[in-house]
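This report concerns only the one structure given below.
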Amino acid sequence: MSDTDEDPFVNQTVNVFEGKSNYAANSITTTKYTWYTWLPKSLWDQFRRIANAYFLMISILMLIGTYATYLYSSPLDPYSTVGTLLVVLMITSIKELCEDLQRGKSDAFENTRMIKVVTFDEGGRPVETEKQSRYICPGDIVKLEGQMASPVDLLLILTSLNDDGNKCFIETANIDGETNLKVREGPPGLLDGLGPLIAAGKPVPELFKGSMSFEAPNKNIHNFVGTLKLDASPEAIPLGANNIVLRSALFSNTDWGYGIAIYTGQETKIQMNNRNAPSKMSKIEEKLNKAIVIIFIAQVVLVSISVASIWFMGFQNNEDLPYVFPPGTDSISVLPLWLEQWFVFFLLYNNFIPISLYVTIELVNVGQAFLVQADEKMYREELDVQCIVRSSNLVQELGMVSNVFSDKTGTLTRNEMNLVKFVINGKLYDVQPAEEKAVDEGKYNAASGAQAATSYMQRFGQDKQAFYDFFRCLATCHTVVREKSGTYRAESPDELALVEGAGRYRCQLFERGSKEMEVSIFGERVTYEVLAVNPFNADRKRMSVLLREAKTGKYFLMCKGADNIMYPLCDISPAEQGVVDSNLLDLANMGLRTLIVAHKELSSAEAQAWLQGYKQAQVSTTNREENVAAQGAKLELNMKLLGITAIEDRLQDEVPEVIADLTKAGIIVWMLTGDKLETAINIGHSCNLLLSDTHLHMIAKIDSPAAFDKALRKEYAAITQIPTNPNAALVLDGPSFLHFNEDDPEQRAMLLRIGAGSRSVIACRLTPTQKRELVKLVKKDTVPAATTLSIGDGANDVSMILEANVGVGIFGKEGRQAANNADFAIGEFKFLRRLLLVHGRWNYMRQAKVFLYCMHKNMVLTLILFWFSYYTAVSGTSLFESWVYTGFNFILGLPIIFFGFLDRDLSEEFMLKYPQTYSSGRTNVSLTTTALAIWILNAVFYAIVVSLVYYYAVAPSFEDQGLYVAGTTVFVGLCNSLQAKVAFFHHQWAWPHYLVMFISIGGMLLYFLMVAVSFDDYYYVAHHVYGTGLFWLFGFFFMPVVAIFIDLIGYYGKMLVLPTQEMLFREFEHAEEFNNLQMMTCLDGRANRRPLSCASSGSSEGSDGKDIELQSGAAFSEISRQRSLREKRTNGLI
């Protein structure tokens, strides 16, 4: 198979009597690595992280300082850092390898499954053999059997239903996410004249000898253009998408089928569409990368201060540094003293950046993701699905969402369509209950059937012919198929609803082939020849079928579509249009989905002339799809409007309650739908997006850029007059949004400002691309940056799911493509409340503490060494032995990791009862500049206290001890102080917390013993230290108590003077006499402050509590003394 730029087609000769070679193998590979690329590629990816690259540089500098001492001397053993770096890298590499091995197993299963391939012997008899899927080549004849996934893209040639249009049924959920049954058929006219040869149901060589010309491999799964030229046929046969069974399509409801492999392996359409979802980085990861750069700068400053101190303290000459250069020796460094010492201090302070930071964050993410997936309260029993986490690095991002973009159909609604009303001749009718029985196929009699139909139609009075035409159109204008069991399978829920609704009026579908259909109209069985189908698509927004009635020979065009498309195509007077408009408005106000139904009768000459042009369009080799659509449009003119259908799609469980809670949490909810304006507004009222007194800012029904700009400015002026209106909503429609100038920053800012002032946004008549553009607009332009979440259930929602910061897919009736492409997948919309308000907030609060603590502990360690350098004549001597120093991050790792996925600052009941608590993460209060500054000051204070205690108060006890004896004592006191800090900010304790704390402390003592017997310069130091009372008194009692005392003073001081909202929430939860109504009033004032604003408006809220409109000091003074609610109210708490 070749692919040239000059010719868009590829000529492929198919001849089963010749061998096939030089074609792409059919094997597929979805793995990221091979056995020889795993390690280098994994390491390359990891060194793209700033911290890993930094420690690689540190390791190299240490090795230079160890083996090239004529430059400088390393104060630490290089292998302690190299070994630690290797452990960190290998943990991540092995994790990625395990994930890749799972993908490799899936590939192996797919590539080695056995497929039946057909050849012919010398007598022309078919011979079936089996070969592994990976060995199939273009031109091979593949046999498909029931419920089998196609191994290649193949051209369907012959099926067990060859006497009924030579068709088969397939399911494409694995390709496009749609679960509806679809029809594929052999090329038109292929079997003409071969009836006797295939009567036995066996393939014959005549069907496979010839050549094909078809388009080069491409990603378009809905289009295919080609021609087939058989040796036995003089004319070329046109090939289209309905003749192709794509790889991974499930061959269903058909006994067997034969096809010719066209595209194989990586050239199949599904493989060409396979791509990795865009890499999404959480806000905390972004903070992490920025923090590492800032810390690196701080480290450079600290190193420079230490080097400058050599001159300030008068140690610039070698003879002034007897500790470094003993008398009688010369420095062998070729570098200037300041540069030599700069490298020494840079290496000494290398732990300023935590080497285990990324591993800690990743392990916490994995633990949090596991608990989210294990939550039984997000399990949907009828589908047997639980929450699935595909992007564990985004679990804390769930707690920071400020804007939710939701699809409507299948997400807010059930996607269970029912025909509930219809309009005929301007009159509105309710669909009658399903009490009528279908015609018994086995006992049907034509005469009695016609009589029954005539009798049945009498109930419709003068409108009986209108009813007949209307329901005949519903029963015939579709692509629904009837299975052997009698159940219907349709390409869309709407089509199925219309056919089933017509069935309540004795209008049933009996058989639907590619060439013929048999229906019952009011009990009379009628057969129609299907001459052409003009399918529905997003551009046409209608479908039509050209039929020929077998009994009378009359030709009919049956059509149905969206009202705005069908109006110009129907022959109706202005007065009739007014009635139709009124009917449509009434139905839309009921929240119903509407379609207009129309038909027209054609003469035989008209039909045949059109069919000739239609067939020519079908065999065109360029722009075939456009030509067929254009030919269909020529027929769909001057039709008679028969009526209007109204379909109901019920809301999902708890949708109004969930949206109400999200709104209370300060989240702006955007409903993005393709429905008409009135239907969208009605659904908005039903699901609590709109309240009865909500003021609507309308930007709709606009037909020009100038009109759009005018409407936008009008609504912008209106909403800026009331900066915070909690009961306003923006309504936008897709046709108007087409006139939005995305290159105009003023328009972008105005639209965002209107959204910021609204409690919700409804956008209707949107295309998938417009949905994505809206999400992108809010994500990119909002200041402070908004965290967006998109949720949907269909393939048309994938673009906005991939665009949002967080994508949530729902396992729905439209398939699983949305769920497969999302970061998180849930069973239904109501689980979003728990995912955000409970898991999201918990994960944000935990991960923020983990991030801050990891930075804090390494700052304390580095500052202690900084203070110590002034007791060593600024020589760069390390207080700690290299391997003891290296163990710092591992000793303190387990407690903070378990805190990161087990701690709960508030109960789930409290958070669900008061969604306002979600504002903690939405406003990012734990990672503001103020919060970071407080943790940095706390680290400085910790370092000062530890230094004062050990370098002054306890210093005399170290006068007759070795350096590492003193260093080990200080190190243990520091580690236990930091362990005490972790214990202090725990909000609950369970047995895992106690266990990891015991393992961490016990492991530290055991680790020292191992180092003491492994390295000469630390030989038996640990044994000696363990025998001193000072070690145990200060390391395990005094310093941890001092650390807790420091944090207690800081916590309660802040609580009395400047409490954060998290402190308020916890106090509220624990207050036994708290009044619910008063709390709601207090919290609503806090949570209704929106984070969304345009580029010129405002900044994010801080965590210092200044915007809590309470007399906070007095409030918590009273809470701490347990005074009455009346006293609290008097002092201004509530």
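Ordering of the structure tokens sets the chain letters (A, B, ...), residue numbers begin anew at 1 in every chain, and ligands are numbered from 1 in the order given.
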
Long-range neighbours of Ser485 in chain A as an MDAnalysis selection string, 12 Å cut-off, only C-alpha atoms, 4 positions minimum in chain: chainID A and resid 253 481 489 510

Next, write the just-selected residues to a file, as an mmCIF file, in the first residue's frame, keeping N, CA, C and O atoms as the atom set.
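In the end it all went to out14.cif:
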data_model
loop_
_atom_site.group_PDB
_atom_site.id
_atom_site.type_symbol
_atom_site.label_atom_id
_atom_site.label_comp_id
_atom_site.auth_asym_id
_atom_site.auth_seq_id
_atom_site.Cartn_x
_atom_site.Cartn_y
_atom_site.Cartn_z
ATOM 1 N N ASN A 253 -25.418 -9.345 15.914
ATOM 2 C CA ASN A 253 -26.731 -9.692 15.370
ATOM 3 C C ASN A 253 -26.676 -10.212 13.932
ATOM 4 O O ASN A 253 -27.645 -10.111 13.190
ATOM 5 N N VAL A 481 -33.545 -0.541 13.409
ATOM 6 C CA VAL A 481 -33.626 -1.939 12.974
ATOM 7 C C VAL A 481 -34.300 -2.743 14.073
ATOM 8 O O VAL A 481 -34.240 -2.405 15.256
ATOM 9 N N ARG A 489 -33.373 -1.419 17.828
ATOM 10 C CA ARG A 489 -32.060 -0.810 18.057
ATOM 11 C C ARG A 489 -31.956 0.389 17.133
ATOM 12 O O ARG A 489 -32.226 0.282 15.928
ATOM 13 N N PHE A 510 -41.904 -3.726 11.372
ATOM 14 C CA PHE A 510 -41.727 -5.177 11.389
ATOM 15 C C PHE A 510 -40.356 -5.578 10.886
ATOM 16 O O PHE A 510 -39.655 -6.353 11.515
#

List the spatial neighbours of range 939-951 of chain A as a tab-separated table (two decimals) with N, CA and C atoms, in the first residue's frame - criterion: any atom at most 7 Å away, only C-alpha atoms, same-chain residues fewer than 3 positions off excluded.
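Wrote selection.tsv, looks like this:
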chain	number	residue	atom	x	y	z
A	856	HIS	N	9.05	23.34	54.24
A	856	HIS	CA	9.38	23.83	55.59
A	856	HIS	C	10.51	23.03	56.22
A	859	MET	N	13.92	23.71	54.74
A	859	MET	CA	14.39	25.04	55.10
A	859	MET	C	15.00	25.03	56.49
A	860	VAL	N	14.32	24.39	57.43
A	860	VAL	CA	14.82	24.32	58.81
A	860	VAL	C	16.19	23.64	58.83
A	863	LEU	N	18.90	25.97	57.30
A	863	LEU	CA	19.19	27.12	58.14
A	863	LEU	C	19.99	26.73	59.39
A	864	ILE	N	19.76	25.53	59.90
A	864	ILE	CA	20.56	25.06	61.04
A	864	ILE	C	22.02	24.90	60.64
A	935	TRP	N	4.56	30.10	56.70
A	935	TRP	CA	5.32	28.86	56.84
A	935	TRP	C	6.84	29.13	56.78
A	936	ILE	N	7.26	30.07	55.95
A	936	ILE	CA	8.68	30.40	55.88
A	936	ILE	C	9.16	31.00	57.20
A	954	VAL	N	23.05	23.77	75.25
A	954	VAL	CA	23.58	22.41	75.41
A	954	VAL	C	25.04	22.32	74.95
A	955	ALA	N	25.56	23.39	74.37
A	955	ALA	CA	26.91	23.35	73.80
A	955	ALA	C	27.98	22.85	74.77
A	970	VAL	N	21.68	16.71	67.62
A	970	VAL	CA	20.90	17.80	67.01
A	970	VAL	C	19.95	17.26	65.96

Spatial neighbours of range 559-569 of chain A, max dist 6 Å, only C-alpha atoms, sep filter under 5 positions, as a JSON list (two decimals) with N, CA, C and O atoms, in the first residue's frame:
[["chain", "number", "residue", "atom", "x", "y", "z"],
["A", 541, "LYS", "N", -28.78, 18.79, 10.05],
["A", 541, "LYS", "CA", -29.74, 18.79, 11.16],
["A", 541, "LYS", "C", -31.12, 18.28, 10.72],
["A", 541, "LYS", "O", -32.15, 18.74, 11.19],
["A", 542, "ARG", "N", -31.10, 17.33, 9.82],
["A", 542, "ARG", "CA", -32.33, 16.69, 9.37],
["A", 542, "ARG", "C", -31.97, 15.38, 8.69],
["A", 542, "ARG", "O", -30.81, 15.16, 8.34],
["A", 543, "MET", "N", -32.94, 14.50, 8.54],
["A", 543, "MET", "CA", -32.74, 13.29, 7.75],
["A", 543, "MET", "C", -33.97, 13.05, 6.90],
["A", 543, "MET", "O", -35.08, 13.51, 7.22],
["A", 544, "SER", "N", -33.79, 12.37, 5.79],
["A", 544, "SER", "CA", -34.93, 12.07, 4.92],
["A", 544, "SER", "C", -34.74, 10.70, 4.29],
["A", 544, "SER", "O", -33.61, 10.21, 4.17],
["A", 595, "LEU", "N", -39.10, 18.32, 17.09],
["A", 595, "LEU", "CA", -38.71, 18.11, 15.70],
["A", 595, "LEU", "C", -39.92, 18.39, 14.82],
["A", 595, "LEU", "O", -41.06, 18.12, 15.21],
["A", 596, "ILE", "N", -39.67, 18.90, 13.62],
["A", 596, "ILE", "CA", -40.73, 19.09, 12.64],
["A", 596, "ILE", "C", -40.73, 17.91, 11.68],
["A", 596, "ILE", "O", -39.67, 17.48, 11.21],
["A", 597, "VAL", "N", -41.92, 17.40, 11.38],
["A", 597, "VAL", "CA", -42.09, 16.25, 10.51],
["A", 597, "VAL", "C", -42.78, 16.71, 9.22],
["A", 597, "VAL", "O", -43.76, 17.45, 9.27],
["A", 598, "ALA", "N", -42.24, 16.28, 8.07],
["A", 598, "ALA", "CA", -42.78, 16.73, 6.79],
["A", 598, "ALA", "C", -42.64, 15.62, 5.75],
["A", 598, "ALA", "O", -41.87, 14.67, 5.93],
["A", 599, "HIS", "N", -43.40, 15.73, 4.66],
["A", 599, "HIS", "CA", -43.26, 14.78, 3.55],
["A", 599, "HIS", "C", -43.68, 15.46, 2.24],
["A", 599, "HIS", "O", -44.20, 16.57, 2.23],
["A", 637, "LEU", "N", -37.26, 19.99, -0.68],
["A", 637, "LEU", "CA", -37.82, 21.32, -0.90],
["A", 637, "LEU", "C", -39.33, 21.22, -1.09],
["A", 637, "LEU", "O", -39.86, 20.18, -1.52],
["A", 638, "ASN", "N", -40.03, 22.31, -0.75],
["A", 638, "ASN", "CA", -41.48, 22.40, -0.95],
["A", 638, "ASN", "C", -42.23, 21.22, -0.33],
["A", 638, "ASN", "O", -43.15, 20.65, -0.93]]

Give the strand (DSSP E or B) residues of range 576-731 of chain A, as DSSP finds them on the backbone, and put them as number ranges by chain. A: 593-602, 639-651, 668-672, 695-699, 728-731

What would the file look like if the residues just selected were written as an mmCIF file, in the first residue's frame with C-alpha atoms?
data_model
loop_
_atom_site.group_PDB
_atom_site.id
_atom_site.type_symbol
_atom_site.label_atom_id
_atom_site.label_comp_id
_atom_site.auth_asym_id
_atom_site.auth_seq_id
_atom_site.Cartn_x
_atom_site.Cartn_y
_atom_site.Cartn_z
ATOM 1 C CA ARG A 593 -37.196 18.522 22.573
ATOM 2 C CA THR A 594 -39.011 19.227 19.314
ATOM 3 C CA LEU A 595 -38.707 18.114 15.701
ATOM 4 C CA ILE A 596 -40.733 19.094 12.642
ATOM 5 C CA VAL A 597 -42.094 16.249 10.506
ATOM 6 C CA ALA A 598 -42.784 16.725 6.788
ATOM 7 C CA HIS A 599 -43.257 14.784 3.546
ATOM 8 C CA LYS A 600 -44.007 15.167 -0.127
ATOM 9 C CA GLU A 601 -45.217 12.910 -2.902
ATOM 10 C CA LEU A 602 -43.148 12.667 -6.083
ATOM 11 C CA MET A 639 -42.476 19.730 1.553
ATOM 12 C CA LYS A 640 -45.753 19.595 3.410
ATOM 13 C CA LEU A 641 -45.456 20.130 7.160
ATOM 14 C CA LEU A 642 -47.224 17.240 8.884
ATOM 15 C CA GLY A 643 -46.723 18.096 12.526
ATOM 16 C CA ILE A 644 -44.366 18.493 15.473
ATOM 17 C CA THR A 645 -43.042 15.861 17.844
ATOM 18 C CA ALA A 646 -42.145 16.640 21.465
ATOM 19 C CA ILE A 647 -39.788 14.333 23.337
ATOM 20 C CA GLU A 648 -39.212 14.392 27.091
ATOM 21 C CA ASP A 649 -35.828 13.697 28.657
ATOM 22 C CA ARG A 650 -36.159 13.432 32.460
ATOM 23 C CA LEU A 651 -33.608 14.883 34.855
ATOM 24 C CA ILE A 668 -20.436 29.001 38.705
ATOM 25 C CA VAL A 669 -22.297 26.324 36.736
ATOM 26 C CA TRP A 670 -22.421 26.570 32.943
ATOM 27 C CA MET A 671 -24.949 24.409 31.095
ATOM 28 C CA LEU A 672 -23.812 23.873 27.511
ATOM 29 C CA HIS A 695 -32.692 38.118 36.139
ATOM 30 C CA LEU A 696 -31.569 36.893 32.717
ATOM 31 C CA HIS A 697 -28.838 38.682 30.781
ATOM 32 C CA MET A 698 -29.739 37.654 27.231
ATOM 33 C CA ILE A 699 -27.191 37.541 24.411
ATOM 34 C CA ALA A 728 -28.478 36.854 37.830
ATOM 35 C CA ALA A 729 -27.783 34.476 34.953
ATOM 36 C CA LEU A 730 -26.274 34.776 31.499
ATOM 37 C CA VAL A 731 -28.067 33.179 28.545
#

Considering only C-alpha atoms, can you say which of A:Thr720, A:Ser704, A:Gln396, A:Thr476 comes closest to Glu518 in chain A? A:Thr476

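Remark: for Thr969 in chain A, the closest of the candidate residues A:Tyr555, A:Phe824, A:Phe998, A:Phe1036 is A:Phe1036 (distances computed over only C-alpha atoms).
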
Show me, as a PyMOL selection string, the residues that have an atom within 10 Å of range 93-108 of chain A when counting only C-alpha atoms, minus same-chain residues fewer than 3 positions from it. chain A and resi 27-35+38-43+45-46+87-90+111-113+134

Could you dump the residues just selected with N, CA and C atoms as an mmCIF file, in the first residue's frame?
data_model
loop_
_atom_site.group_PDB
_atom_site.id
_atom_site.type_symbol
_atom_site.label_atom_id
_atom_site.label_comp_id
_atom_site.auth_asym_id
_atom_site.auth_seq_id
_atom_site.Cartn_x
_atom_site.Cartn_y
_atom_site.Cartn_z
ATOM 1 N N SER A 27 0.024 -5.599 13.586
ATOM 2 C CA SER A 27 0.263 -5.498 15.023
ATOM 3 C C SER A 27 0.134 -4.040 15.461
ATOM 4 N N ILE A 28 -0.338 -3.849 16.693
ATOM 5 C CA ILE A 28 -0.480 -2.501 17.245
ATOM 6 C C ILE A 28 0.372 -2.389 18.495
ATOM 7 N N THR A 29 0.812 -1.193 18.758
ATOM 8 C CA THR A 29 1.629 -0.928 19.939
ATOM 9 C C THR A 29 1.140 0.349 20.602
ATOM 10 N N THR A 30 0.708 0.229 21.832
ATOM 11 C CA THR A 30 0.273 1.396 22.596
ATOM 12 C C THR A 30 1.216 1.688 23.754
ATOM 13 N N THR A 31 2.271 0.883 23.859
ATOM 14 C CA THR A 31 3.203 1.086 24.969
ATOM 15 C C THR A 31 4.069 2.316 24.718
ATOM 16 N N LYS A 32 4.542 2.874 25.796
ATOM 17 C CA LYS A 32 5.411 4.040 25.725
ATOM 18 C C LYS A 32 6.864 3.636 25.537
ATOM 19 N N TYR A 33 7.209 2.439 26.041
ATOM 20 C CA TYR A 33 8.607 2.004 26.022
ATOM 21 C C TYR A 33 8.755 0.640 25.346
ATOM 22 N N THR A 34 9.982 0.360 24.936
ATOM 23 C CA THR A 34 10.391 -1.000 24.607
ATOM 24 C C THR A 34 11.406 -1.425 25.657
ATOM 25 N N TRP A 35 11.857 -2.684 25.590
ATOM 26 C CA TRP A 35 12.770 -3.152 26.632
ATOM 27 C C TRP A 35 14.078 -2.375 26.640
ATOM 28 N N TRP A 38 13.143 1.780 27.690
ATOM 29 C CA TRP A 38 12.483 2.112 28.956
ATOM 30 C C TRP A 38 13.351 3.005 29.840
ATOM 31 N N LEU A 39 14.538 2.558 30.155
ATOM 32 C CA LEU A 39 15.367 3.301 31.096
ATOM 33 C C LEU A 39 15.788 4.662 30.558
ATOM 34 N N PRO A 40 16.342 4.752 29.333
ATOM 35 C CA PRO A 40 16.741 6.090 28.859
ATOM 36 C C PRO A 40 15.570 7.053 28.693
ATOM 37 N N LYS A 41 14.438 6.578 28.173
ATOM 38 C CA LYS A 41 13.308 7.478 27.987
ATOM 39 C C LYS A 41 12.711 7.900 29.321
ATOM 40 N N SER A 42 12.634 6.953 30.257
ATOM 41 C CA SER A 42 12.103 7.283 31.575
ATOM 42 C C SER A 42 12.993 8.301 32.281
ATOM 43 N N LEU A 43 14.300 8.093 32.204
ATOM 44 C CA LEU A 43 15.221 9.032 32.840
ATOM 45 C C LEU A 43 15.148 10.403 32.169
ATOM 46 N N ASP A 45 12.560 11.751 30.735
ATOM 47 C CA ASP A 45 11.342 12.408 31.197
ATOM 48 C C ASP A 45 11.503 12.945 32.613
ATOM 49 N N GLN A 46 12.190 12.181 33.459
ATOM 50 C CA GLN A 46 12.328 12.603 34.850
ATOM 51 C C GLN A 46 13.270 13.776 35.008
ATOM 52 N N VAL A 87 17.567 6.122 43.919
ATOM 53 C CA VAL A 87 16.365 5.512 44.518
ATOM 54 C C VAL A 87 15.116 6.259 44.061
ATOM 55 N N VAL A 88 15.173 7.589 44.110
ATOM 56 C CA VAL A 88 14.017 8.400 43.696
ATOM 57 C C VAL A 88 13.692 8.149 42.227
ATOM 58 N N LEU A 89 14.733 8.121 41.378
ATOM 59 C CA LEU A 89 14.516 7.904 39.946
ATOM 60 C C LEU A 89 13.982 6.513 39.658
ATOM 61 N N MET A 90 14.495 5.526 40.347
ATOM 62 C CA MET A 90 14.071 4.146 40.088
ATOM 63 C C MET A 90 12.644 3.905 40.550
ATOM 64 N N ASN A 111 -2.896 -8.619 19.588
ATOM 65 C CA ASN A 111 -2.067 -9.017 18.446
ATOM 66 C C ASN A 111 -2.019 -10.524 18.222
ATOM 67 N N THR A 112 -2.296 -11.305 19.256
ATOM 68 C CA THR A 112 -2.168 -12.764 19.137
ATOM 69 C C THR A 112 -3.499 -13.488 19.054
ATOM 70 N N ARG A 113 -4.609 -12.771 19.078
ATOM 71 C CA ARG A 113 -5.882 -13.489 18.973
ATOM 72 C C ARG A 113 -6.026 -14.092 17.583
ATOM 73 N N ARG A 134 -1.886 -10.197 14.184
ATOM 74 C CA ARG A 134 -0.772 -9.347 13.760
ATOM 75 C C ARG A 134 -0.244 -9.710 12.369
#

Close residues, Asn415 in chain A itself excluded, 8 Å, only C-alpha atoms, min 4 positions apart in chain, as a list in words: Thr409, Gly410, Thr411, Pro493, Asp649, Arg650 and Lys813 of chain A

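Residue nearest Phe1037 in chain A within the list A:Ile115, A:Cys975, A:Ala588, A:Val1011: A:Cys975 [criterion: smallest interatomic distance, only C-alpha atoms].
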